[in-house]
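Peer 1: Dropping in upload34.cif, with mmCIF, C-alpha atoms.
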data_model
loop_
_atom_site.label_atom_id
_atom_site.label_comp_id
_atom_site.auth_asym_id
_atom_site.auth_seq_id
_atom_site.Cartn_x
_atom_site.Cartn_y
_atom_site.Cartn_z
CA MET F 1 -2.11 60.61 44.40
CA LYS F 2 -3.55 59.81 40.97
CA THR F 3 -1.14 59.02 38.14
CA ILE F 4 -1.92 59.30 34.42
CA HIS F 5 0.52 57.80 31.92
CA VAL F 6 1.19 59.56 28.62
CA ASN F 7 2.31 56.82 26.24
CA LEU F 8 4.75 58.23 23.68
CA SER F 9 7.24 55.36 23.39
CA ALA F 10 10.67 56.67 24.41
CA ASP F 11 9.17 60.03 25.38
CA SER F 12 6.50 58.61 27.70
CA TYR F 13 5.97 60.20 31.11
CA ASN F 14 3.63 60.31 34.08
CA ILE F 15 1.30 63.05 35.30
CA HIS F 16 1.01 62.96 39.10
CA ILE F 17 -2.12 64.63 40.55
CA GLY F 18 -2.97 65.11 44.23
CA LYS F 19 -2.47 67.19 47.36
CA ASP F 20 0.83 68.14 49.04
CA ILE F 21 2.93 67.00 46.07
CA LEU F 22 5.32 69.96 45.92
CA ALA F 23 7.32 68.88 48.96
CA LYS F 24 7.64 65.35 47.51
CA ALA F 25 8.62 66.25 43.94
CA GLY F 26 12.38 65.92 44.46
CA GLU F 27 11.98 62.55 46.15
CA ILE F 28 9.83 61.20 43.30
CA VAL F 29 12.23 62.49 40.63
CA ALA F 30 15.24 61.02 42.48
CA LYS F 31 13.77 57.51 42.05
CA ASP F 32 14.41 57.73 38.28
CA LYS F 33 17.17 60.32 37.92
CA GLU F 34 20.61 60.71 39.40
CA PRO F 35 21.11 63.99 41.34
CA CYS F 36 22.40 66.70 39.02
CA LYS F 37 22.70 70.42 38.46
CA THR F 38 19.17 71.80 38.29
CA LEU F 39 17.79 75.15 37.15
CA LEU F 40 14.45 75.87 38.84
CA ILE F 41 12.58 78.54 36.85
CA THR F 42 9.58 80.35 38.28
CA ASP F 43 8.08 83.83 38.48
CA GLU F 44 8.32 86.33 41.32
CA ASN F 45 4.77 85.69 42.60
CA ILE F 46 5.16 81.92 42.67
CA GLU F 47 8.65 82.09 44.16
CA ARG F 48 7.32 83.89 47.22
CA ILE F 49 4.80 81.13 47.91
CA TYR F 50 6.31 77.88 46.65
CA GLY F 51 9.90 78.52 45.55
CA ASP F 52 11.61 77.43 48.76
CA VAL F 53 9.38 74.36 49.18
CA VAL F 54 10.19 73.00 45.73
CA ALA F 55 13.87 73.97 45.83
CA GLU F 56 14.27 72.25 49.20
CA SER F 57 12.50 69.09 47.98
CA PHE F 58 15.22 68.71 45.34
CA ARG F 59 18.13 69.85 47.51
CA LYS F 60 17.42 67.33 50.23
CA ASN F 61 17.63 64.68 47.51
CA ASN F 62 21.08 65.96 46.54
CA PHE F 63 20.17 68.02 43.47
CA ASP F 64 22.32 71.15 43.02
CA VAL F 65 19.55 73.74 42.58
CA LYS F 66 19.77 77.31 41.26
CA LEU F 67 16.45 79.17 41.54
CA LEU F 68 15.66 81.90 39.02
CA SER F 69 12.47 83.96 38.95
CA LEU F 70 11.09 86.24 36.25
CA PRO F 71 8.45 88.96 36.48
CA PRO F 72 4.95 87.54 35.97
CA GLY F 73 2.89 88.03 32.82
CA GLU F 74 2.42 86.77 29.26
CA GLU F 75 4.65 89.57 27.93
CA GLN F 76 7.62 87.83 29.64
CA LYS F 77 7.45 84.91 27.19
CA ASN F 78 9.87 86.44 24.73
CA ILE F 79 13.26 85.97 23.10
CA GLU F 80 14.92 88.44 25.47
CA ASN F 81 14.03 86.34 28.51
CA ALA F 82 15.06 83.20 26.64
CA LEU F 83 18.54 84.72 26.27
CA LEU F 84 18.57 85.53 30.00
CA LEU F 85 17.74 81.92 30.81
CA TYR F 86 20.44 80.60 28.47
CA ASP F 87 22.93 82.82 30.31
CA ASN F 88 21.86 81.19 33.58
CA CYS F 89 22.19 77.72 32.08
CA PHE F 90 25.82 78.54 31.31
CA ALA F 91 26.38 80.21 34.68
CA HIS F 92 25.12 77.16 36.55
CA LYS F 93 27.19 74.88 34.26
CA LEU F 94 24.27 72.78 33.05
CA ASP F 95 25.12 69.85 30.80
CA ARG F 96 23.05 67.32 28.87
CA LYS F 97 22.35 65.30 32.01
CA SER F 98 21.20 68.34 33.99
CA LEU F 99 17.59 69.23 34.71
CA ILE F 100 15.28 72.20 34.23
CA VAL F 101 12.21 72.45 36.47
CA ALA F 102 9.36 74.77 35.48
CA LEU F 103 7.37 75.96 38.51
CA GLY F 104 4.46 78.22 37.64
CA GLY F 105 1.78 78.88 35.08
CA GLY F 106 1.75 78.50 31.32
CA VAL F 107 4.23 81.31 30.67
CA VAL F 108 6.89 79.74 32.90
CA GLY F 109 6.16 76.26 31.56
CA ASP F 110 6.30 77.23 27.88
CA LEU F 111 9.43 79.35 28.28
CA SER F 112 11.26 76.80 30.46
CA GLY F 113 10.36 73.98 28.09
CA PHE F 114 11.64 76.01 25.15
CA ILE F 115 14.96 76.53 26.94
CA ALA F 116 15.19 72.83 27.82
CA ALA F 117 14.45 71.84 24.21
CA THR F 118 17.08 74.09 22.70
CA PHE F 119 19.95 74.32 25.22
CA MET F 120 22.60 71.81 24.09
CA ARG F 121 19.91 70.55 21.65
CA GLY F 122 17.81 69.27 24.51
CA ILE F 123 18.11 68.52 28.22
CA PRO F 124 15.49 66.95 30.52
CA TYR F 125 12.81 69.10 32.10
CA ILE F 126 9.90 68.71 34.49
CA GLN F 127 6.65 70.65 34.68
CA ILE F 128 5.18 71.71 38.04
CA PRO F 129 2.16 73.77 36.97
CA THR F 130 0.59 75.99 39.63
CA SER F 131 -2.34 77.49 37.68
CA LEU F 132 -5.41 75.53 36.62
CA LEU F 133 -4.86 76.46 32.98
CA ALA F 134 -1.34 75.04 33.06
CA GLN F 135 -2.44 71.96 35.03
CA VAL F 136 -5.10 70.93 32.54
CA ASP F 137 -3.51 72.13 29.33
CA SER F 138 -0.15 73.79 28.70
CA SER F 139 2.01 71.55 30.93
CA ILE F 140 0.92 68.44 29.01
CA GLY F 141 1.76 67.50 25.45
CA GLY F 142 5.16 69.07 24.90
CA LYS F 143 4.28 72.31 23.10
CA VAL F 144 6.97 74.81 24.11
CA ALA F 145 7.49 78.27 22.66
CA VAL F 146 8.08 81.99 22.98
CA ASN F 147 5.90 84.75 21.57
CA HIS F 148 6.76 87.17 18.79
CA PRO F 149 5.16 90.60 18.33
CA LYS F 150 3.55 89.27 15.14
CA GLY F 151 2.09 86.14 16.71
CA LYS F 152 1.70 83.99 19.81
CA ASN F 153 3.84 80.85 20.16
CA MET F 154 5.29 81.33 16.68
CA ILE F 155 8.81 80.29 17.74
CA GLY F 156 8.88 76.88 19.38
CA CYS F 157 8.86 73.12 19.05
CA PHE F 158 7.45 69.89 20.46
CA TYR F 159 9.48 68.65 23.43
CA GLN F 160 8.00 66.39 26.07
CA PRO F 161 8.65 66.78 29.80
CA LYS F 162 10.00 63.88 31.85
CA ALA F 163 7.15 64.25 34.38
CA VAL F 164 4.32 66.58 35.41
CA PHE F 165 3.45 67.22 39.07
CA ILE F 166 0.03 68.74 39.73
CA ASP F 167 -0.66 69.84 43.30
CA THR F 168 -4.26 71.00 43.73
CA ASN F 169 -3.24 72.96 46.84
CA THR F 170 -1.61 75.58 44.60
CA LEU F 171 -5.05 76.62 43.36
CA SER F 172 -5.83 78.13 46.77
CA SER F 173 -3.33 80.92 46.06
CA LEU F 174 -4.65 81.55 42.55
CA PRO F 175 -6.53 84.83 41.97
CA SER F 176 -10.18 84.15 41.19
CA LYS F 177 -9.86 85.53 37.64
CA GLU F 178 -6.97 83.16 36.95
CA MET F 179 -9.04 80.24 38.22
CA VAL F 180 -11.94 81.21 35.97
CA ALA F 181 -9.60 81.57 32.99
CA GLY F 182 -8.34 78.05 33.65
CA ILE F 183 -11.84 76.60 33.78
CA VAL F 184 -12.29 77.79 30.19
CA GLU F 185 -9.82 75.12 29.08
CA VAL F 186 -11.86 72.50 30.94
CA ILE F 187 -14.99 73.72 29.14
CA LYS F 188 -13.01 73.30 25.92
CA TYR F 189 -12.37 69.62 26.68
CA GLY F 190 -16.07 69.12 27.34
CA VAL F 191 -17.02 70.66 24.00
CA ILE F 192 -14.44 68.85 21.89
CA ARG F 193 -14.56 65.39 23.41
CA ASP F 194 -16.62 64.82 26.60
CA ALA F 195 -20.27 65.83 26.96
CA GLU F 196 -20.33 64.21 30.43
CA LEU F 197 -17.52 66.51 31.61
CA PHE F 198 -19.42 69.51 30.25
CA ALA F 199 -22.55 68.44 32.15
CA PHE F 200 -20.45 68.01 35.32
CA LEU F 201 -19.27 71.60 34.96
CA GLU F 202 -22.86 72.79 34.60
CA LYS F 203 -23.95 71.12 37.84
CA SER F 204 -20.75 71.44 39.90
CA MET F 205 -19.41 74.92 39.16
CA ASP F 206 -19.95 76.15 42.72
CA ALA F 207 -17.96 73.23 44.15
CA ILE F 208 -15.15 73.85 41.65
CA LEU F 209 -14.96 77.56 42.43
CA GLN F 210 -14.95 76.70 46.15
CA LEU F 211 -11.92 74.46 45.45
CA GLN F 212 -13.54 71.29 46.76
CA TYR F 213 -10.92 68.59 46.27
CA GLU F 214 -13.07 65.87 44.68
CA ALA F 215 -14.50 68.31 42.14
CA LEU F 216 -11.03 69.62 41.30
CA LEU F 217 -9.62 66.11 40.99
CA LYS F 218 -12.47 65.19 38.63
CA ILE F 219 -11.97 68.09 36.21
CA ILE F 220 -8.16 68.02 36.30
CA ALA F 221 -7.80 64.25 35.88
CA THR F 222 -10.46 64.08 33.15
CA SER F 223 -8.88 66.96 31.25
CA CYS F 224 -5.42 65.40 31.53
CA GLN F 225 -6.76 62.04 30.33
CA ILE F 226 -8.41 63.64 27.31
CA LYS F 227 -5.31 65.59 26.36
CA ALA F 228 -3.02 62.60 26.93
CA HIS F 229 -5.20 60.45 24.66
CA VAL F 230 -5.25 63.08 21.89
CA VAL F 231 -1.48 63.64 22.14
CA GLU F 232 -0.82 59.88 22.03
CA GLN F 233 -2.75 59.74 18.74
CA ASP F 234 -1.01 62.75 17.19
CA GLU F 235 2.00 64.05 19.10
CA LYS F 236 3.06 66.71 16.58
CA GLU F 237 -0.32 67.99 15.47
CA LYS F 238 -0.43 66.53 11.98
CA GLY F 239 -4.13 65.76 12.27
CA PRO F 240 -6.44 64.95 15.22
CA ARG F 241 -4.49 66.97 17.81
CA ALA F 242 -5.69 70.15 16.11
CA ILE F 243 -9.04 69.77 17.91
CA LEU F 244 -7.23 71.03 21.03
CA ASN F 245 -7.08 74.41 19.30
CA TYR F 246 -10.81 74.97 19.73
CA GLY F 247 -11.23 78.66 20.53
CA HIS F 248 -7.52 79.32 20.12
CA THR F 249 -7.54 80.55 16.52
CA ILE F 250 -9.49 83.72 17.26
CA GLY F 251 -8.27 83.69 20.87
CA HIS F 252 -4.62 83.94 19.81
CA ALA F 253 -5.50 86.69 17.30
CA ILE F 254 -7.14 88.68 20.12
CA GLU F 255 -4.04 88.25 22.29
CA THR F 256 -1.79 89.34 19.42
CA VAL F 257 -3.85 92.44 18.59
CA THR F 258 -3.86 93.50 22.26
CA HIS F 259 -0.12 92.74 22.66
CA TYR F 260 -0.78 90.04 25.28
CA LYS F 261 -1.71 92.68 27.87
CA ARG F 262 -5.51 93.06 27.96
CA TYR F 263 -6.72 89.47 28.27
CA ARG F 264 -5.65 86.39 30.15
CA HIS F 265 -5.14 83.46 27.78
CA GLY F 266 -8.28 81.71 29.00
CA GLU F 267 -10.35 84.87 28.61
CA ALA F 268 -9.27 85.27 24.99
CA VAL F 269 -9.91 81.57 24.31
CA ALA F 270 -13.41 81.85 25.79
CA ILE F 271 -14.24 84.60 23.32
CA GLY F 272 -12.70 82.52 20.54
CA MET F 273 -14.83 79.51 21.50
CA LEU F 274 -18.02 81.56 21.34
CA TYR F 275 -17.12 83.05 17.97
CA ALA F 276 -16.21 79.60 16.63
CA THR F 277 -19.63 78.36 17.72
CA LYS F 278 -21.30 81.33 16.02
CA ILE F 279 -19.45 80.36 12.84
CA ALA F 280 -20.65 76.75 13.21
CA ILE F 281 -24.24 77.97 13.58
CA GLU F 282 -23.80 80.24 10.54
CA LEU F 283 -22.59 77.22 8.53
CA GLY F 284 -25.57 75.16 9.69
CA ILE F 285 -23.55 72.48 11.47
CA ALA F 286 -24.59 73.35 15.05
CA ASP F 287 -27.75 74.60 16.72
CA THR F 288 -28.05 77.55 19.08
CA SER F 289 -28.08 75.34 22.20
CA VAL F 290 -24.35 74.66 21.71
CA PHE F 291 -23.71 78.40 21.97
CA ASP F 292 -26.22 79.01 24.76
CA ARG F 293 -24.81 76.33 27.07
CA GLN F 294 -21.25 77.63 26.73
CA LEU F 295 -22.36 81.24 27.16
CA SER F 296 -24.33 80.33 30.29
CA LEU F 297 -21.29 78.66 31.89
CA MET F 298 -19.05 81.59 31.06
CA LYS F 299 -21.49 84.18 32.36
CA ASN F 300 -22.00 82.20 35.56
CA MET F 301 -18.24 82.38 36.12
CA GLY F 302 -18.25 86.14 35.59
CA LEU F 303 -16.27 86.17 32.35
CA SER F 304 -16.30 89.29 30.20
CA ILE F 305 -16.97 88.17 26.63
CA GLN F 306 -16.88 91.37 24.57
CA THR F 307 -13.71 92.66 22.91
CA GLY F 308 -14.43 96.09 21.42
CA LEU F 309 -11.79 95.21 18.79
CA LYS F 310 -12.06 95.91 15.08
CA SER F 311 -12.96 92.89 12.96
CA GLU F 312 -10.33 93.79 10.38
CA ASP F 313 -7.57 93.77 13.03
CA ILE F 314 -8.58 90.32 14.29
CA ILE F 315 -8.83 88.92 10.76
CA LYS F 316 -5.43 90.33 9.79
CA ALA F 317 -3.90 88.65 12.86
CA LEU F 318 -5.62 85.36 11.97
CA TYR F 319 -3.62 85.09 8.77
CA THR F 320 -0.30 85.20 10.65
CA ASP F 321 -1.36 82.24 12.82
CA LYS F 322 0.66 79.04 12.45
CA LYS F 323 -2.56 77.06 12.00
CA THR F 324 -3.11 78.78 8.62
CA VAL F 325 -2.20 76.41 5.76
CA SER F 326 -1.58 77.63 2.18
CA GLY F 327 -3.35 80.88 2.98
CA LYS F 328 -6.46 79.08 4.28
CA LEU F 329 -7.69 79.56 7.81
CA ARG F 330 -8.48 76.40 9.76
CA PHE F 331 -11.10 76.46 12.50
CA VAL F 332 -12.18 73.88 15.04
CA LEU F 333 -15.98 74.08 14.98
CA PRO F 334 -18.44 72.33 17.32
CA THR F 335 -21.31 70.30 15.88
CA LYS F 336 -22.67 69.47 19.34
CA ILE F 337 -21.36 69.37 22.91
CA GLY F 338 -18.72 66.63 22.85
CA GLU F 339 -17.98 66.72 19.12
CA VAL F 340 -16.09 69.04 16.77
CA ILE F 341 -14.81 69.12 13.20
CA ILE F 342 -11.84 70.89 11.60
CA SER F 343 -12.82 73.14 8.71
CA ASP F 344 -11.01 75.31 6.17
CA LYS F 345 -14.29 76.52 4.67
CA VAL F 346 -14.51 79.73 6.73
CA ASN F 347 -13.97 82.74 4.46
CA ASP F 348 -13.52 86.42 5.25
CA GLU F 349 -17.13 87.23 4.41
CA ILE F 350 -18.35 84.85 7.13
CA LEU F 351 -15.76 86.18 9.58
CA TYR F 352 -16.76 89.80 9.09
CA ARG F 353 -20.43 88.88 9.45
CA ILE F 354 -19.76 87.11 12.76
CA LEU F 355 -17.11 89.40 14.24
CA ASP F 356 -19.02 92.60 13.44
CA LYS F 357 -21.80 91.54 15.81
CA PRO F 358 -21.51 91.53 19.62
CA LEU F 359 -21.60 88.14 21.32
#
Would you put the structure from the file into structure tokens?

Peer 2:
Amino acid sequence: MKTIHVNLSADSYNIHIGKDILAKAGEIVAKDKEPCKTLLITDENIERIYGDVVAESFRKNNFDVKLLSLPPGEEQKNIENALLLYDNCFAHKLDRKSLIVALGGGVVGDLSGFIAATFMRGIPYIQIPTSLLAQVDSSIGGKVAVNHPKGKNMIGCFYQPKAVFIDTNTLSSLPSKEMVAGIVEVIKYGVIRDAELFAFLEKSMDAILQLQYEALLKIIATSCQIKAHVVEQDEKEKGPRAILNYGHTIGHAIETVTHYKRYRHGEAVAIGMLYATKIAIELGIADTSVFDRQLSLMKNMGLSIQTGLKSEDIIKALYTDKKTVSGKLRFVLPTKIGEVIISDKVNDEILYRILDKPL
């Protein structure tokens, strides 16, 4: 098992990465926390495969576990389900020393973390991400939220988990399209910070898609290390952490316009990354190879990269994004593979010119 430490003073925690971790999670947690009432939150798909394994790992270490599962899907990350979860916190008599465990993908992790952050003004929680996207991105860094019809993740806060457990075995039950959507976030890390990681993806994609352990460990651990380092520098996104939003500005707008139903998060972010690169080329800060290398990776994975959406709808949604400051859009733009800048110089004229053309 590989362990990565996220150093945030009193809010520091460890990310544990390896095989066969799910059955050991309760034992590892029990080394640092007294047994307590625990709400294990998952979705119906994940419950069928891993719910009993994780629940039993805590129960045999004397945690009083209530398991609750929601329907799967991004549309479940809403205020209505938050209220349902609060009801269950009361029903299970959670207190400030209790524990919430999030078992699942990004939707479960974000929603569970939001509940943990706000119930009794904050109780401990643990992330056990089962999708690649959640393992390399959403489970780390403490961003927790619910969606609103007018925007993704618009209601939330920063609240760090007490630990993250990443079991690569869970990827074997992941649908291929979910795996591909998760790899998009790894591509993101390569573009924003690590040209060597990007090159590894170019030469090792077959091994990754075949779930070869060493290849998976490489991309997951490297991604976690990059995100941990960025979060340590800027926990609450006042500056450098914004580079993690590469592709997410337009990606979130696409998700909002399509009501979170047409695209997986990673699919929308992939389109956003390509459009951001087109903007960078338009501004003269990147050459076409930066676009071509990303496009080649995405096509090799079988990603669909066209939206068929109206430019005006995307642009309207952009202005409701929380990354907009004083009416100015902020974009993370690549200058080369491994390096990006943050710019507020992208106007509507440029956006229409880019978005009106197919990728």

Peer 1: Which of these residues is nearest to His16 in chain F, using only C-alpha atoms: F:Met154, F:Leu171, F:Ile4, F:Ile250?

Peer 2: F:Ile4

Peer 1: List the residues selected by the PyMOL selection byres ((chain F and resi 353) around 12) in the file shown, writing them as a PDB file with C-alpha atoms, keeping the file's coordinate frame.

Peer 2:
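To be explicit, this is the file written out as selection_12.pdb:
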ATOM      1  CA  TYR F 275     -17.120  83.050  17.970  1.00  0.00           C
ATOM      2  CA  LYS F 278     -21.300  81.330  16.020  1.00  0.00           C
ATOM      3  CA  ILE F 279     -19.450  80.360  12.840  1.00  0.00           C
ATOM      4  CA  GLU F 282     -23.800  80.240  10.540  1.00  0.00           C
ATOM      5  CA  LEU F 283     -22.590  77.220   8.530  1.00  0.00           C
ATOM      6  CA  SER F 311     -12.960  92.890  12.960  1.00  0.00           C
ATOM      7  CA  GLU F 312     -10.330  93.790  10.380  1.00  0.00           C
ATOM      8  CA  ILE F 315      -8.830  88.920  10.760  1.00  0.00           C
ATOM      9  CA  VAL F 346     -14.510  79.730   6.730  1.00  0.00           C
ATOM     10  CA  ASN F 347     -13.970  82.740   4.460  1.00  0.00           C
ATOM     11  CA  ASP F 348     -13.520  86.420   5.250  1.00  0.00           C
ATOM     12  CA  GLU F 349     -17.130  87.230   4.410  1.00  0.00           C
ATOM     13  CA  ILE F 350     -18.350  84.850   7.130  1.00  0.00           C
ATOM     14  CA  LEU F 351     -15.760  86.180   9.580  1.00  0.00           C
ATOM     15  CA  TYR F 352     -16.760  89.800   9.090  1.00  0.00           C
ATOM     16  CA  ILE F 354     -19.760  87.110  12.760  1.00  0.00           C
ATOM     17  CA  LEU F 355     -17.110  89.400  14.240  1.00  0.00           C
ATOM     18  CA  ASP F 356     -19.020  92.600  13.440  1.00  0.00           C
ATOM     19  CA  LYS F 357     -21.800  91.540  15.810  1.00  0.00           C
ATOM     20  CA  PRO F 358     -21.510  91.530  19.620  1.00  0.00           C
ATOM     21  CA  LEU F 359     -21.600  88.140  21.320  1.00  0.00           C
TER      22      LEU F 359
END

Peer 1: Do a neighbour search on His229 in chain F at 10 Å with only C-alpha atoms, toss out local chain neighbours closer than 3 positions, and write the hits as a list of chain:residue names.

Peer 2: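 Counting only the stated atoms, we get F:His5, F:Val6, F:Asn7, F:Gly141, F:Ser223, F:Cys224, F:Gln225, F:Ile226, F:Glu232, F:Gln233, F:Asp234, F:Glu235, F:Arg241.
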
Peer 1: So that I have them on file, write out the residues from the current selection with C-alpha atoms, as a PDB file, in the coordinates of the input.

Peer 2:
ATOM      1  CA  HIS F   5       0.520  57.800  31.920  1.00  0.00           C
ATOM      2  CA  VAL F   6       1.190  59.560  28.620  1.00  0.00           C
ATOM      3  CA  ASN F   7       2.310  56.820  26.240  1.00  0.00           C
ATOM      4  CA  GLY F 141       1.760  67.500  25.450  1.00  0.00           C
ATOM      5  CA  SER F 223      -8.880  66.960  31.250  1.00  0.00           C
ATOM      6  CA  CYS F 224      -5.420  65.400  31.530  1.00  0.00           C
ATOM      7  CA  GLN F 225      -6.760  62.040  30.330  1.00  0.00           C
ATOM      8  CA  ILE F 226      -8.410  63.640  27.310  1.00  0.00           C
ATOM      9  CA  GLU F 232      -0.820  59.880  22.030  1.00  0.00           C
ATOM     10  CA  GLN F 233      -2.750  59.740  18.740  1.00  0.00           C
ATOM     11  CA  ASP F 234      -1.010  62.750  17.190  1.00  0.00           C
ATOM     12  CA  GLU F 235       2.000  64.050  19.100  1.00  0.00           C
ATOM     13  CA  ARG F 241      -4.490  66.970  17.810  1.00  0.00           C
TER      14      ARG F 241
END

Peer 1: Would you kindly return, as a PDB file with C-alpha atoms, in the coordinates of the input, each protein, DNA or RNA residue with an atom no farther than 10 Å from any atom of Ala280 in chain F, considering all atoms listed in the file and excluding same-chain residues fewer than 6 positions away?

Peer 2:
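So out30.pdb came out as:
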ATOM      1  CA  LEU F 274     -18.020  81.560  21.340  1.00  0.00           C
ATOM      2  CA  ALA F 286     -24.590  73.350  15.050  1.00  0.00           C
ATOM      3  CA  ASP F 287     -27.750  74.600  16.720  1.00  0.00           C
ATOM      4  CA  THR F 288     -28.050  77.550  19.080  1.00  0.00           C
ATOM      5  CA  VAL F 290     -24.350  74.660  21.710  1.00  0.00           C
ATOM      6  CA  PHE F 291     -23.710  78.400  21.970  1.00  0.00           C
ATOM      7  CA  PHE F 331     -11.100  76.460  12.500  1.00  0.00           C
ATOM      8  CA  VAL F 332     -12.180  73.880  15.040  1.00  0.00           C
ATOM      9  CA  LEU F 333     -15.980  74.080  14.980  1.00  0.00           C
ATOM     10  CA  PRO F 334     -18.440  72.330  17.320  1.00  0.00           C
ATOM     11  CA  THR F 335     -21.310  70.300  15.880  1.00  0.00           C
ATOM     12  CA  LYS F 336     -22.670  69.470  19.340  1.00  0.00           C
ATOM     13  CA  VAL F 340     -16.090  69.040  16.770  1.00  0.00           C
ATOM     14  CA  ILE F 341     -14.810  69.120  13.200  1.00  0.00           C
ATOM     15  CA  SER F 343     -12.820  73.140   8.710  1.00  0.00           C
ATOM     16  CA  VAL F 346     -14.510  79.730   6.730  1.00  0.00           C
TER      17      VAL F 346
END

Peer 1: So, with all atoms listed in the file as the atoms that count, which of F:Thr249, F:Gln160, F:Ser112, F:Gln294 lies closest to Tyr319 in chain F?

Peer 2: F:Thr249

Peer 1: Rank F:Ile183, F:Val107, F:Cys89, F:Ala30 by their smallest atom-to-atom distance to Asp43 in chain F, using all atoms listed in the file, and report the top residue only.

Peer 2: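 Nearest candidate to Asp43 in chain F out of F:Ile183, F:Val107, F:Cys89, F:Ala30: F:Val107.
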
Peer 1: What do you get, as a PyMOL selection string, if you spell out every residue that the PyMOL selection byres ((chain F and resi 265) around 12) selects here?

Peer 2: chain F and resi 73-75+105-107+131-134+137-138+152+177-185+247-256+258-264+266-272

Peer 1: CA of Glu56 in chain F and CA of Ala163 in chain F are how many Å apart?

Peer 2: 18.3 Å

Peer 1: Excluding His92 in chain F and its own-chain neighbours fewer than 2 positions away, which residues fall within 8 Å of it when counting all atoms listed in the file? Please give them as a ChimeraX atom specification.

Peer 2: /F:37,39,66,88-90,94

Peer 1: Keeping only C-alpha atoms, take the residues you just selected and write them out as an mmCIF file, in the frame of the given file.

Peer 2:
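Final output, part-v5.cif:
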data_model
loop_
_atom_site.group_PDB
_atom_site.id
_atom_site.type_symbol
_atom_site.label_atom_id
_atom_site.label_comp_id
_atom_site.auth_asym_id
_atom_site.auth_seq_id
_atom_site.Cartn_x
_atom_site.Cartn_y
_atom_site.Cartn_z
ATOM 1 C CA LYS F 37 22.700 70.420 38.460
ATOM 2 C CA LEU F 39 17.790 75.150 37.150
ATOM 3 C CA LYS F 66 19.770 77.310 41.260
ATOM 4 C CA ASN F 88 21.860 81.190 33.580
ATOM 5 C CA CYS F 89 22.190 77.720 32.080
ATOM 6 C CA PHE F 90 25.820 78.540 31.310
ATOM 7 C CA LEU F 94 24.270 72.780 33.050
#

Peer 1: Quote the spacing between CA of Ile192 in chain F and CA of Leu244 in chain F in Å to one decimal place.

Peer 2: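 Separation between CA of Ile192 in chain F and CA of Leu244 in chain F: 7.6 Å.
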
Peer 1: Pick from F:Glu214, F:Asp292, F:Asp167, F:Asp206: nearest to Ile15 in chain F, with only C-alpha atoms counted?

Peer 2: F:Asp167
